[in-house]
file query-v2.cif (mmCIF, C-alpha atoms)
data_structure
loop_
_atom_site.group_PDB
_atom_site.id
_atom_site.type_symbol
_atom_site.label_atom_id
_atom_site.label_comp_id
_atom_site.auth_asym_id
_atom_site.auth_seq_id
_atom_site.Cartn_x
_atom_site.Cartn_y
_atom_site.Cartn_z
ATOM 1 C CA MET B 1451 0.000 0.000 0.000
ATOM 2 C CA VAL B 1452 1.214 3.436 -0.906
ATOM 3 C CA PHE B 1453 0.178 6.292 1.373
ATOM 4 C CA THR B 1454 0.020 9.573 -0.461
ATOM 5 C CA THR B 1455 -0.945 11.548 2.655
ATOM 6 C CA ALA B 1456 -0.536 11.186 6.390
ATOM 7 C CA MET B 1457 -4.311 10.964 6.717
ATOM 8 C CA MET B 1458 -4.334 7.797 4.649
ATOM 9 C CA LEU B 1459 -1.656 6.252 6.896
ATOM 10 C CA VAL B 1460 -3.805 6.931 9.968
ATOM 11 C CA ARG B 1461 -6.890 5.463 8.353
ATOM 12 C CA SER B 1462 -5.071 2.357 7.152
ATOM 13 C CA ARG B 1463 -4.737 0.977 10.677
ATOM 14 C CA GLY B 1464 -7.333 -1.339 12.031
ATOM 15 C CA PRO B 1465 -9.811 -3.270 9.969
ATOM 16 C CA ASP B 1466 -9.732 -2.934 6.230
ATOM 17 C CA GLU B 1467 -13.346 -1.793 6.221
ATOM 18 C CA PHE B 1468 -12.388 1.679 5.042
ATOM 19 C CA TRP B 1469 -10.479 0.367 2.037
ATOM 20 C CA ARG B 1470 -13.207 -2.106 1.146
ATOM 21 C CA LYS B 1471 -15.810 0.658 1.166
ATOM 22 C CA ARG B 1472 -13.526 3.081 -0.606
ATOM 23 C CA LYS B 1473 -13.359 0.790 -3.633
ATOM 24 C CA ILE B 1474 -17.148 0.858 -3.881
ATOM 25 C CA PHE B 1475 -17.390 4.624 -3.298
ATOM 26 C CA LYS B 1476 -14.869 5.199 -6.074
ATOM 27 C CA ILE B 1477 -17.118 3.378 -8.533
ATOM 28 C CA ALA B 1478 -20.176 5.215 -7.182
ATOM 29 C CA ALA B 1479 -18.482 8.625 -7.326
ATOM 30 C CA HIS B 1480 -20.556 9.912 -10.214
ATOM 31 C CA PHE B 1481 -23.938 8.686 -8.929
ATOM 32 C CA SER B 1482 -26.482 11.160 -7.635
ATOM 33 C CA GLY B 1483 -27.927 11.688 -4.132
ATOM 34 C CA ARG B 1484 -27.339 9.254 -1.302
ATOM 35 C CA ARG B 1485 -26.318 6.553 -3.766
ATOM 36 C CA ARG B 1486 -22.805 8.013 -3.765
ATOM 37 C CA ASN B 1487 -22.403 8.706 -0.017
ATOM 38 C CA CYS B 1488 -24.250 6.004 1.942
ATOM 39 C CA TYR B 1489 -22.523 2.658 1.706
ATOM 40 C CA SER B 1490 -25.561 0.390 2.022
ATOM 41 C CA ILE B 1491 -27.305 2.275 -0.803
ATOM 42 C CA ALA B 1492 -24.144 2.719 -2.846
ATOM 43 C CA ILE B 1493 -23.319 -0.985 -2.878
ATOM 44 C CA LYS B 1494 -26.752 -1.817 -4.338
ATOM 45 C CA ALA B 1495 -26.376 0.844 -7.012
ATOM 46 C CA VAL B 1496 -22.851 -0.325 -7.866
ATOM 47 C CA HIS B 1497 -23.950 -3.942 -8.253
ATOM 48 C CA ARG B 1498 -26.740 -2.807 -10.519
ATOM 49 C CA ALA B 1499 -24.445 -0.579 -12.555
ATOM 50 C CA LEU B 1500 -21.874 -3.332 -13.012
ATOM 51 C CA GLN B 1501 -24.591 -5.702 -14.251
ATOM 52 C CA PHE B 1502 -25.671 -3.102 -16.792
ATOM 53 C CA ALA B 1503 -22.051 -2.641 -17.836
ATOM 54 C CA THR B 1504 -21.728 -6.367 -18.500
ATOM 55 C CA ILE B 1505 -24.873 -6.406 -20.638
ATOM 56 C CA GLY B 1506 -23.799 -3.208 -22.358
ATOM 57 C CA ARG B 1507 -20.522 -4.701 -23.520
ATOM 58 C CA ALA B 1508 -22.396 -7.181 -25.707
ATOM 59 C CA LEU B 1509 -25.003 -4.620 -26.770
ATOM 60 C CA ARG B 1510 -22.376 -2.163 -27.929
ATOM 61 C CA LYS B 1511 -20.983 -4.677 -30.401
ATOM 62 C CA SER B 1512 -24.367 -5.451 -31.953
ATOM 63 C CA ASP B 1513 -25.293 -1.746 -32.032
ATOM 64 C CA MET B 1514 -22.111 -0.914 -33.893
ATOM 65 C CA ILE B 1515 -22.791 -3.683 -36.433
ATOM 66 C CA VAL B 1516 -26.261 -2.247 -37.079
ATOM 67 C CA LEU B 1517 -24.813 1.262 -37.445
ATOM 68 C CA TRP B 1518 -22.072 0.118 -39.856
ATOM 69 C CA ASN B 1519 -24.619 -1.773 -41.946
ATOM 70 C CA THR B 1520 -26.832 1.336 -42.127
ATOM 71 C CA ARG B 1521 -23.911 3.459 -43.231
ATOM 72 C CA ILE B 1522 -22.677 0.974 -45.844
ATOM 73 C CA ARG B 1523 -26.225 0.579 -47.175
ATOM 74 C CA ALA B 1524 -26.474 4.370 -47.501
ATOM 75 C CA GLY B 1525 -23.164 4.450 -49.353
ATOM 76 C CA CYS B 1526 -24.277 1.617 -51.657
ATOM 77 C CA GLU B 1527 -27.560 3.363 -52.372
ATOM 78 C CA GLU B 1528 -25.732 6.466 -53.596
ATOM 79 C CA HIS B 1529 -24.157 4.304 -56.302
ATOM 80 C CA GLY B 1530 -27.291 2.279 -57.037
ATOM 81 C CA ILE B 1531 -26.262 -1.122 -55.680
ATOM 82 C CA GLU B 1532 -27.865 -3.239 -52.965
ATOM 83 C CA LEU B 1533 -25.967 -4.059 -49.779
ATOM 84 C CA ASN B 1534 -26.150 -7.838 -50.274
ATOM 85 C CA THR B 1535 -24.931 -7.681 -53.868
ATOM 86 C CA PHE B 1536 -22.172 -5.305 -52.832
ATOM 87 C CA LYS B 1537 -20.933 -7.666 -50.107
ATOM 88 C CA GLU B 1538 -21.242 -10.712 -52.357
ATOM 89 C CA GLY B 1539 -19.290 -8.998 -55.132
ATOM 90 C CA LEU B 1540 -16.501 -8.009 -52.740
ATOM 91 C CA SER B 1541 -16.216 -11.505 -51.287
ATOM 92 C CA ARG B 1542 -16.008 -13.029 -54.773
ATOM 93 C CA CYS B 1543 -13.079 -10.692 -55.506
ATOM 94 C CA ASP B 1544 -11.498 -11.816 -52.222
ATOM 95 C CA ILE B 1545 -11.547 -8.248 -50.882
ATOM 96 C CA GLN B 1546 -11.505 -8.807 -47.134
ATOM 97 C CA LEU B 1547 -12.580 -5.420 -45.779
ATOM 98 C CA ASN B 1548 -14.713 -5.556 -42.667
ATOM 99 C CA LYS B 1549 -17.861 -3.558 -41.951
ATOM 100 C CA LYS B 1550 -16.053 -0.920 -39.905
ATOM 101 C CA VAL B 1551 -13.541 -0.165 -42.637
ATOM 102 C CA LEU B 1552 -16.229 -0.111 -45.342
ATOM 103 C CA ALA B 1553 -18.334 2.321 -43.268
ATOM 104 C CA ASP B 1554 -15.288 4.560 -42.730
ATOM 105 C CA LEU B 1555 -14.535 4.462 -46.447
ATOM 106 C CA ALA B 1556 -18.139 5.427 -47.244
ATOM 107 C CA ILE B 1557 -17.797 8.540 -45.073
ATOM 108 C CA TRP B 1558 -14.216 9.688 -45.512
ATOM 109 C CA GLU B 1559 -13.189 8.179 -48.868
ATOM 110 C CA PRO B 1560 -16.247 8.471 -51.139
ATOM 111 C CA SER B 1561 -14.265 7.929 -54.355
ATOM 112 C CA THR B 1562 -12.640 4.766 -52.978
ATOM 113 C CA PHE B 1563 -16.068 3.520 -51.997
ATOM 114 C CA LYS B 1564 -17.385 4.284 -55.479
ATOM 115 C CA ALA B 1565 -14.509 2.294 -56.986
ATOM 116 C CA LEU B 1566 -15.406 -0.645 -54.729
ATOM 117 C CA SER B 1567 -19.067 -0.424 -55.698
ATOM 118 C CA ASP B 1568 -18.138 -0.299 -59.414
ATOM 119 C CA LEU B 1569 -15.948 -3.351 -58.943
ATOM 120 C CA SER B 1570 -18.697 -5.169 -57.102
ATOM 121 C CA LYS B 1571 -21.211 -4.238 -59.791
ATOM 122 C CA SER B 1572 -19.103 -5.602 -62.640
ATOM 123 C CA VAL B 1573 -18.340 -8.802 -60.717
ATOM 124 C CA SER B 1574 -22.044 -9.324 -60.004
ATOM 125 C CA ILE B 1575 -22.793 -8.801 -63.705
ATOM 126 C CA ASP B 1576 -20.084 -11.360 -64.594
ATOM 127 C CA TYR B 1577 -21.429 -13.991 -62.197
ATOM 128 C CA GLU B 1578 -25.032 -13.042 -63.092
ATOM 129 C CA LEU B 1579 -26.005 -12.552 -59.458
ATOM 130 C CA PRO B 1580 -29.719 -11.941 -58.845
ATOM 131 C CA GLY B 1581 -30.630 -8.297 -59.389
ATOM 132 C CA SER B 1582 -27.512 -7.571 -61.442
ATOM 133 C CA GLU B 1583 -29.441 -7.203 -64.711
ATOM 134 C CA LYS B 1584 -30.486 -3.646 -63.873
ATOM 135 C CA TYR B 1585 -26.941 -2.326 -63.347
ATOM 136 C CA ASN B 1586 -25.159 -0.316 -66.009
ATOM 137 C CA VAL B 1587 -21.796 -1.878 -66.872
ATOM 138 C CA PRO B 1588 -19.080 0.296 -65.251
ATOM 139 C CA THR B 1589 -16.592 1.397 -67.906
ATOM 140 C CA ASN B 1590 -13.643 1.786 -65.530
ATOM 141 C CA VAL B 1591 -13.391 -1.878 -64.474
ATOM 142 C CA VAL B 1592 -11.864 -4.697 -66.527
ATOM 143 C CA THR B 1593 -12.784 -8.187 -65.354
ATOM 144 C CA ARG B 1594 -11.812 -11.626 -66.597
ATOM 145 C CA GLY B 1595 -15.357 -12.197 -67.844
ATOM 146 C CA LEU B 1596 -15.185 -9.048 -69.992
ATOM 147 C CA LEU B 1597 -11.882 -10.140 -71.548
ATOM 148 C CA LYS B 1598 -13.354 -13.532 -72.507
ATOM 149 C CA LYS B 1599 -16.285 -11.860 -74.223
ATOM 150 C CA MET Q 1365 -11.119 24.949 -38.098
ATOM 151 C CA SER Q 1366 -9.936 26.169 -41.439
ATOM 152 C CA GLN Q 1367 -12.274 28.049 -43.700
ATOM 153 C CA PHE Q 1368 -12.309 25.126 -46.138
ATOM 154 C CA GLY Q 1369 -13.121 22.698 -43.353
ATOM 155 C CA ARG Q 1370 -15.990 24.878 -42.215
ATOM 156 C CA VAL Q 1371 -17.483 25.001 -45.694
ATOM 157 C CA LYS Q 1372 -17.035 21.233 -45.981
ATOM 158 C CA GLN Q 1373 -18.980 20.780 -42.754
ATOM 159 C CA TRP Q 1374 -21.762 23.061 -43.937
ATOM 160 C CA ASN Q 1375 -22.060 21.079 -47.128
ATOM 161 C CA THR Q 1376 -22.035 17.751 -45.287
ATOM 162 C CA PHE Q 1377 -24.728 18.676 -42.805
ATOM 163 C CA ALA Q 1378 -26.841 20.843 -45.128
ATOM 164 C CA ARG Q 1379 -30.471 19.793 -45.209
ATOM 165 C CA CYS Q 1380 -32.037 18.792 -48.510
ATOM 166 C CA TRP Q 1381 -35.717 18.983 -49.326
ATOM 167 C CA HIS Q 1382 -37.399 16.004 -50.966
ATOM 168 C CA LEU Q 1383 -40.763 15.965 -52.676
ATOM 169 C CA PHE Q 1384 -43.054 12.941 -52.552
ATOM 170 C CA ASP Q 1385 -46.235 12.609 -54.555
ATOM 171 C CA ALA Q 1386 -48.665 10.482 -52.527
ATOM 172 C CA THR Q 1387 -51.135 9.896 -55.354
ATOM 173 C CA TRP Q 1388 -52.308 6.255 -55.298
ATOM 174 C CA GLN Q 1389 -49.678 5.319 -52.704
ATOM 175 C CA ASN Q 1390 -50.242 3.200 -49.618
ATOM 176 C CA PRO Q 1391 -49.086 5.315 -46.634
ATOM 177 C CA LEU Q 1392 -48.297 2.216 -44.558
ATOM 178 C CA GLN Q 1393 -45.852 0.964 -47.172
ATOM 179 C CA CYS Q 1394 -44.438 4.432 -47.891
ATOM 180 C CA SER Q 1395 -43.592 5.207 -44.276
ATOM 181 C CA PRO Q 1396 -40.268 3.251 -44.224
ATOM 182 C CA LEU Q 1397 -39.229 5.180 -47.334
ATOM 183 C CA ILE Q 1398 -40.203 8.546 -45.825
ATOM 184 C CA GLU Q 1399 -38.533 7.655 -42.532
ATOM 185 C CA LYS Q 1400 -35.260 6.964 -44.355
ATOM 186 C CA TYR Q 1401 -35.106 10.532 -45.669
ATOM 187 C CA LEU Q 1402 -36.427 12.143 -42.473
ATOM 188 C CA LYS Q 1403 -33.804 10.498 -40.268
ATOM 189 C CA GLY Q 1404 -30.959 10.717 -42.776
ATOM 190 C CA LEU Q 1405 -30.566 6.937 -43.098
ATOM 191 C CA HIS Q 1406 -29.624 7.488 -46.749
ATOM 192 C CA LYS Q 1407 -26.423 9.319 -45.765
ATOM 193 C CA PRO Q 1408 -23.192 7.490 -44.877
ATOM 194 C CA ILE Q 1409 -22.649 9.960 -41.991
ATOM 195 C CA TYR Q 1410 -25.788 8.714 -40.244
ATOM 196 C CA HIS Q 1411 -25.680 8.328 -36.480
ATOM 197 C CA PRO Q 1412 -28.767 8.015 -34.256
ATOM 198 C CA PHE Q 1413 -27.683 10.958 -32.058
ATOM 199 C CA VAL Q 1414 -26.709 13.247 -34.935
ATOM 200 C CA ASP Q 1415 -29.415 15.485 -36.375
ATOM 201 C CA CYS Q 1416 -28.616 14.825 -40.027
ATOM 202 C CA GLY Q 1417 -32.065 14.185 -41.508
ATOM 203 C CA ASP Q 1418 -33.702 15.966 -44.433
ATOM 204 C CA HIS Q 1419 -37.049 17.641 -44.999
ATOM 205 C CA VAL Q 1420 -39.751 15.723 -46.847
ATOM 206 C CA VAL Q 1421 -42.683 17.451 -48.506
ATOM 207 C CA ILE Q 1422 -45.620 15.163 -49.252
ATOM 208 C CA MET Q 1423 -48.242 16.443 -51.638
ATOM 209 C CA ASN Q 1424 -51.593 15.061 -52.785
ATOM 210 C CA SER Q 1425 -52.094 13.249 -49.480
ATOM 211 C CA LYS Q 1426 -55.845 13.315 -50.178
ATOM 212 C CA GLN Q 1427 -55.243 10.886 -53.049
ATOM 213 C CA ILE Q 1428 -53.689 8.065 -50.958
ATOM 214 C CA ALA Q 1429 -54.868 4.498 -51.483
ATOM 215 C CA PHE Q 1430 -55.575 1.669 -49.041
ATOM 216 C CA PRO Q 1431 -55.948 -1.967 -50.072
ATOM 217 C CA GLY Q 1432 -59.173 -3.933 -49.727
ATOM 218 C CA GLU Q 1433 -61.406 -3.162 -46.775
ATOM 219 C CA GLU Q 1434 -58.777 -1.031 -45.063
ATOM 220 C CA TRP Q 1435 -60.728 2.242 -45.244
ATOM 221 C CA ARG Q 1436 -63.579 0.668 -43.233
ATOM 222 C CA ARG Q 1437 -61.619 -1.764 -41.063
ATOM 223 C CA ARG Q 1438 -58.711 0.471 -40.009
ATOM 224 C CA VAL Q 1439 -59.698 2.355 -36.858
ATOM 225 C CA TYR Q 1440 -57.864 5.172 -35.111
ATOM 226 C CA PHE Q 1441 -58.163 5.314 -31.330
ATOM 227 C CA HIS Q 1442 -58.291 8.452 -29.239
ATOM 228 C CA HIS Q 1443 -58.901 8.963 -25.558
ATOM 229 C CA THR Q 1444 -59.676 12.342 -24.016
ATOM 230 C CA GLY Q 1445 -58.495 11.219 -20.565
ATOM 231 C CA TYR Q 1446 -61.891 11.526 -18.945
ATOM 232 C CA SER Q 1447 -64.020 8.480 -18.187
ATOM 233 C CA GLY Q 1448 -65.964 7.391 -21.220
ATOM 234 C CA GLY Q 1449 -63.671 9.547 -23.344
ATOM 235 C CA ALA Q 1450 -62.565 6.792 -25.693
ATOM 236 C CA SER Q 1451 -63.398 7.164 -29.354
ATOM 237 C CA TRP Q 1452 -62.727 5.028 -32.395
ATOM 238 C CA THR Q 1453 -62.668 6.708 -35.789
ATOM 239 C CA PRO Q 1454 -62.598 4.680 -38.996
ATOM 240 C CA ALA Q 1455 -59.947 5.639 -41.528
ATOM 241 C CA TRP Q 1456 -62.416 7.010 -44.081
ATOM 242 C CA GLU Q 1457 -63.925 9.327 -41.465
ATOM 243 C CA LEU Q 1458 -60.545 10.588 -40.295
ATOM 244 C CA HIS Q 1459 -59.526 11.162 -43.912
ATOM 245 C CA GLU Q 1460 -62.631 13.289 -44.462
ATOM 246 C CA LYS Q 1461 -61.843 15.401 -41.382
ATOM 247 C CA ASP Q 1462 -58.156 15.901 -42.145
ATOM 248 C CA PRO Q 1463 -56.625 14.449 -45.328
ATOM 249 C CA THR Q 1464 -53.080 14.789 -43.951
ATOM 250 C CA MET Q 1465 -53.683 12.929 -40.702
ATOM 251 C CA ILE Q 1466 -53.501 9.322 -41.952
ATOM 252 C CA PHE Q 1467 -50.126 9.842 -43.616
ATOM 253 C CA ARG Q 1468 -48.740 11.679 -40.591
ATOM 254 C CA LYS Q 1469 -49.895 8.949 -38.223
ATOM 255 C CA ALA Q 1470 -48.519 6.216 -40.491
ATOM 256 C CA VAL Q 1471 -45.039 7.771 -40.489
ATOM 257 C CA TYR Q 1472 -45.188 8.629 -36.775
ATOM 258 C CA HIS Q 1473 -46.199 5.129 -35.728
ATOM 259 C CA TYR Q 1474 -43.650 3.477 -37.971
ATOM 260 C CA MET Q 1475 -40.773 5.311 -36.276
ATOM 261 C CA LYS Q 1476 -39.436 3.939 -33.028
ATOM 262 C CA GLY Q 1477 -40.560 6.038 -30.090
ATOM 263 C CA ASN Q 1478 -37.746 8.093 -28.577
ATOM 264 C CA LEU Q 1479 -36.954 11.705 -27.749
ATOM 265 C CA PHE Q 1480 -36.025 12.460 -31.363
ATOM 266 C CA ARG Q 1481 -39.279 11.267 -32.913
ATOM 267 C CA ARG Q 1482 -41.232 14.514 -32.515
ATOM 268 C CA VAL Q 1483 -38.246 16.584 -33.654
ATOM 269 C CA VAL Q 1484 -37.914 14.445 -36.768
ATOM 270 C CA MET Q 1485 -41.661 14.676 -37.449
ATOM 271 C CA GLU Q 1486 -41.367 18.481 -37.539
ATOM 272 C CA ARG Q 1487 -39.425 18.062 -40.765
ATOM 273 C CA LEU Q 1488 -42.338 16.326 -42.468
ATOM 274 C CA HIS Q 1489 -44.596 18.700 -44.398
ATOM 275 C CA ILE Q 1490 -47.846 17.210 -45.694
ATOM 276 C CA TYR Q 1491 -50.264 18.938 -48.065
ATOM 277 C CA PRO Q 1492 -53.634 17.485 -49.096
ATOM 278 C CA ASP Q 1493 -53.342 18.665 -52.707
ATOM 279 C CA SER Q 1494 -50.684 19.970 -55.094
ATOM 280 C CA ASN Q 1495 -50.981 23.569 -53.769
ATOM 281 C CA VAL Q 1496 -47.674 23.603 -51.910
ATOM 282 C CA PRO Q 1497 -46.654 27.103 -50.713
ATOM 283 C CA GLU Q 1498 -44.074 28.822 -52.890
ATOM 284 C CA GLU Q 1499 -41.559 29.314 -50.041
ATOM 285 C CA ILE Q 1500 -41.459 25.533 -49.505
ATOM 286 C CA MET Q 1501 -41.527 24.590 -53.178
ATOM 287 C CA GLU Q 1502 -38.440 26.717 -53.938
ATOM 288 C CA ASN Q 1503 -36.284 24.655 -51.527
ATOM 289 C CA ILE Q 1504 -36.997 21.308 -53.154
ATOM 290 C CA THR Q 1505 -34.067 19.658 -54.915
ATOM 291 C CA ASN Q 1506 -35.081 16.020 -55.188
ATOM 292 C CA GLN Q 1507 -38.149 13.951 -55.897
ATOM 293 C CA ILE Q 1508 -38.599 10.579 -54.183
ATOM 294 C CA GLN Q 1509 -39.696 7.898 -56.594
ATOM 295 C CA PRO Q 1510 -43.170 6.567 -55.714
ATOM 296 C CA LEU Q 1511 -43.358 2.899 -54.747
ATOM 297 C CA ARG Q 1512 -46.237 2.056 -57.081
ATOM 298 C CA PRO Q 1513 -46.950 3.216 -60.611
ATOM 299 C CA ILE Q 1514 -50.100 5.338 -60.888
ATOM 300 C CA PRO Q 1515 -52.668 3.224 -62.750
ATOM 301 C CA LYS Q 1516 -54.268 4.782 -65.795
ATOM 302 C CA THR Q 1517 -58.038 5.086 -65.395
ATOM 303 C CA LEU Q 1518 -60.468 4.140 -68.132
ATOM 304 C CA ASP Q 1519 -61.619 7.768 -68.433
ATOM 305 C CA SER Q 1520 -58.133 8.973 -69.304
ATOM 306 C CA TYR Q 1521 -57.960 6.876 -72.513
ATOM 307 C CA SER Q 1522 -59.007 8.791 -75.598
ATOM 308 C CA ASN Q 1523 -61.514 7.345 -78.072
ATOM 309 C CA GLU Q 1524 -58.727 6.831 -80.586
ATOM 310 C CA GLU Q 1525 -56.709 4.717 -78.124
ATOM 311 C CA ILE Q 1526 -59.740 2.607 -77.243
ATOM 312 C CA GLU Q 1527 -60.434 1.919 -80.916
ATOM 313 C CA LYS Q 1528 -56.810 0.968 -81.583
ATOM 314 C CA TYR Q 1529 -56.670 -1.355 -78.561
ATOM 315 C CA PRO Q 1530 -56.097 -4.988 -79.697
ATOM 316 C CA LYS Q 1531 -59.312 -6.996 -79.765
ATOM 317 C CA ILE Q 1532 -59.844 -10.759 -79.550
ATOM 318 C CA ILE Q 1533 -63.270 -10.800 -81.225
ATOM 319 C CA ASP Q 1534 -65.585 -8.436 -83.014
ATOM 320 C CA TYR Q 1535 -69.000 -8.395 -81.411
ATOM 321 C CA PRO Q 1536 -71.805 -9.350 -83.801
ATOM 322 C CA GLN Q 1537 -74.089 -6.521 -84.925
ATOM 323 C CA ASP Q 1538 -77.068 -7.729 -82.883
ATOM 324 C CA TYR Q 1539 -75.066 -8.188 -79.651
ATOM 325 C CA LEU Q 1540 -76.246 -5.723 -77.023
ATOM 326 C CA LEU Q 1541 -73.701 -4.286 -74.565
ATOM 327 C CA SER Q 1542 -75.445 -3.269 -71.370
ATOM 328 C CA LYS Q 1543 -75.011 0.335 -70.362
#
call {"tool": "encode", "arguments": {"input": "query-v2.cif", "output": "structure tokens"}}
result
Amino acid sequence: MVFTTAMMLVRSRGPDEFWRKRKIFKIAAHFSGRRRNCYSIAIKAVHRALQFATIGRALRKSDMIVLWNTRIRAGCEEHGIELNTFKEGLSRCDIQLNKKVLADLAIWEPSTFKALSDLSKSVSIDYELPGSEKYNVPTNVVTRGLLKK
Amino acid sequence: MSQFGRVKQWNTFARCWHLFDATWQNPLQCSPLIEKYLKGLHKPIYHPFVDCGDHVVIMNSKQIAFPGEEWRRRVYFHHTGYSGGASWTPAWELHEKDPTMIFRKAVYHYMKGNLFRRVVMERLHIYPDSNVPEEIMENITNQIQPLRPIPKTLDSYSNEEIEKYPKIIDYPQDYLLSK
């Protein structure tokens, strides 16, 4: 134990009740009312908060996935391609970009994202994926299927 | 922030105005489409806490269509708060009272209830006919494509088109068509 002040040294003697409670009060420091000052109330609130934190860790991941999907779908829509076709086209090209990176590209690198969507479009036309008949053939992409034709 | 960065931010978060013609459209099916533009789900910068949605102007809301028995069967509930204050209004009656109400309720109920819902709804402008005020019409930059094609009524065909329409048989002279 490191004592930063003399007061702490005095308090450290005797039972470790003070230190045990201090750990809880530190977690409850930002709570409101008696939930931050009275131990018996604080401990209940801390237990509750920690349970929420555990649930929240899983929720945050799923929330982010939903948000990334929304953003990628919006980016795809700007270039007239569906999200599923876009993903399928990328995976057939073996482009292993995850949802987070694709969402970031859609926001910060619009031209890169357009290039990806063009690529995905021409691949989906090559493999005749469902829904690919309505796409215009991008002129800036050369695929193996085009060369064969 | 540099001057260029500031202009870039203005352009990114600028609100657009979209026009939607509700003629012959089902408001229940249109509401996901309207919600997308109201909340800004069509922008890659979307975030639920960021106010990045656009304005949507809906015109001809008097001309909406419901399938089947929906006008009679669909009932809107209201309660005044006093005892015996409940009332149920069928859709056709509500539409007669206020032609914009059904569309507004359809969009409002489709959206998930949270603190932003009423703020987002403020950006929805509904007009019963095509008389949209000039100060709103001048903002519009985009038209949302309707979900369903507007069917052509029999009255709108000219006599020439009806005569040219391909026939399977010619009716005999003495065949009487009921009027």
call {"tool": "residues_around", "arguments": {"input": "query-v2.cif", "residues": "stretch 1521-1529 of chain B", "least_positions_apart": "3", "cutoff": "7 Å", "atoms": "only C-alpha atoms", "output": "ChimeraX atom specification"}}
result
/B:1517-1518,1532-1533,1552-1553,1556,1564,1567 /Q:1405-1410
call {"tool": "resolve_selection", "arguments": {"input": "query-v2.cif", "expression": "the PyMOL selection byres ((chain B and resi 1569-1580) around 8)", "output": "list in words"}}
result
Ile1531, Thr1535, Phe1536, Lys1537, Glu1538, Gly1539, Leu1540, Arg1542, Cys1543, Ala1565, Leu1566, Ser1567, Asp1568, Gly1581, Ser1582, Glu1583, Tyr1585, Val1587, Pro1588, Val1591, Thr1593, Gly1595 and Leu1596 of chain B
call {"tool": "closest_residue", "arguments": {"input": "query-v2.cif", "among": "B:Thr1455, B:Thr1520, B:Gln1546, B:Thr1504", "to": "chain Q", "atoms": "all atoms listed in the file"}}
result
B:Thr1520
call {"tool": "atom_distance", "arguments": {"input": "query-v2.cif", "atom1": "atom CA of Q:Ala1429", "atom2": "atom CA of Q:Trp1381"}}
result
24.1 Å
call {"tool": "resolve_selection", "arguments": {"input": "query-v2.cif", "expression": "the PyMOL selection byres ((chain Q and resi 1480) around 12)", "output": "ChimeraX atom specification"}}
result
/Q:1402-1403,1412-1417,1472,1475-1479,1481-1487
call {"tool": "resolve_selection", "arguments": {"input": "query-v2.cif", "expression": "the PyMOL selection byres ((chain Q and resi 1387) around 10)", "output": "PyMOL selection string"}}
result
chain Q and resi 1384-1386+1388-1390+1422-1429+1493+1510+1512-1514
call {"tool": "closest_residue", "arguments": {"input": "query-v2.cif", "among": "Q:Gly1404, Q:Pro1454, Q:Pro1391, Q:Gly1369", "to": "chain B", "atoms": "all atoms listed in the file"}}
result
Q:Gly1404
call {"tool": "atom_distance", "arguments": {"input": "query-v2.cif", "atom1": "atom CA of Q:Val1420", "atom2": "atom CA of B:Asp1513"}}
result
27.1 Å
call {"tool": "atom_distance", "arguments": {"input": "query-v2.cif", "atom1": "atom CA of Q:Trp1452", "atom2": "atom CA of Q:His1489"}}
result
25.7 Å
call {"tool": "closest_residue", "arguments": {"input": "query-v2.cif", "among": "B:Ala1479, B:Met1514, B:Val1592, B:Phe1468", "to": "chain Q", "atoms": "all atoms listed in the file"}}
result
B:Met1514
call {"tool": "decode", "arguments": {"input": "query-v2.cif", "residues": "stretch 1479-1497 of chain B", "atoms": "C-alpha atoms", "output": "compact mmCIF listing (two decimals), in the first residue's frame"}}
result
# COMPACT_ATOMS: atom_id res chain seq x y z
CA ALA B 1479 -18.48 8.63 -7.33
CA HIS B 1480 -20.56 9.91 -10.21
CA PHE B 1481 -23.94 8.69 -8.93
CA SER B 1482 -26.48 11.16 -7.63
CA GLY B 1483 -27.93 11.69 -4.13
CA ARG B 1484 -27.34 9.25 -1.30
CA ARG B 1485 -26.32 6.55 -3.77
CA ARG B 1486 -22.81 8.01 -3.76
CA ASN B 1487 -22.40 8.71 -0.02
CA CYS B 1488 -24.25 6.00 1.94
CA TYR B 1489 -22.52 2.66 1.71
CA SER B 1490 -25.56 0.39 2.02
CA ILE B 1491 -27.31 2.28 -0.80
CA ALA B 1492 -24.14 2.72 -2.85
CA ILE B 1493 -23.32 -0.99 -2.88
CA LYS B 1494 -26.75 -1.82 -4.34
CA ALA B 1495 -26.38 0.84 -7.01
CA VAL B 1496 -22.85 -0.33 -7.87
CA HIS B 1497 -23.95 -3.94 -8.25
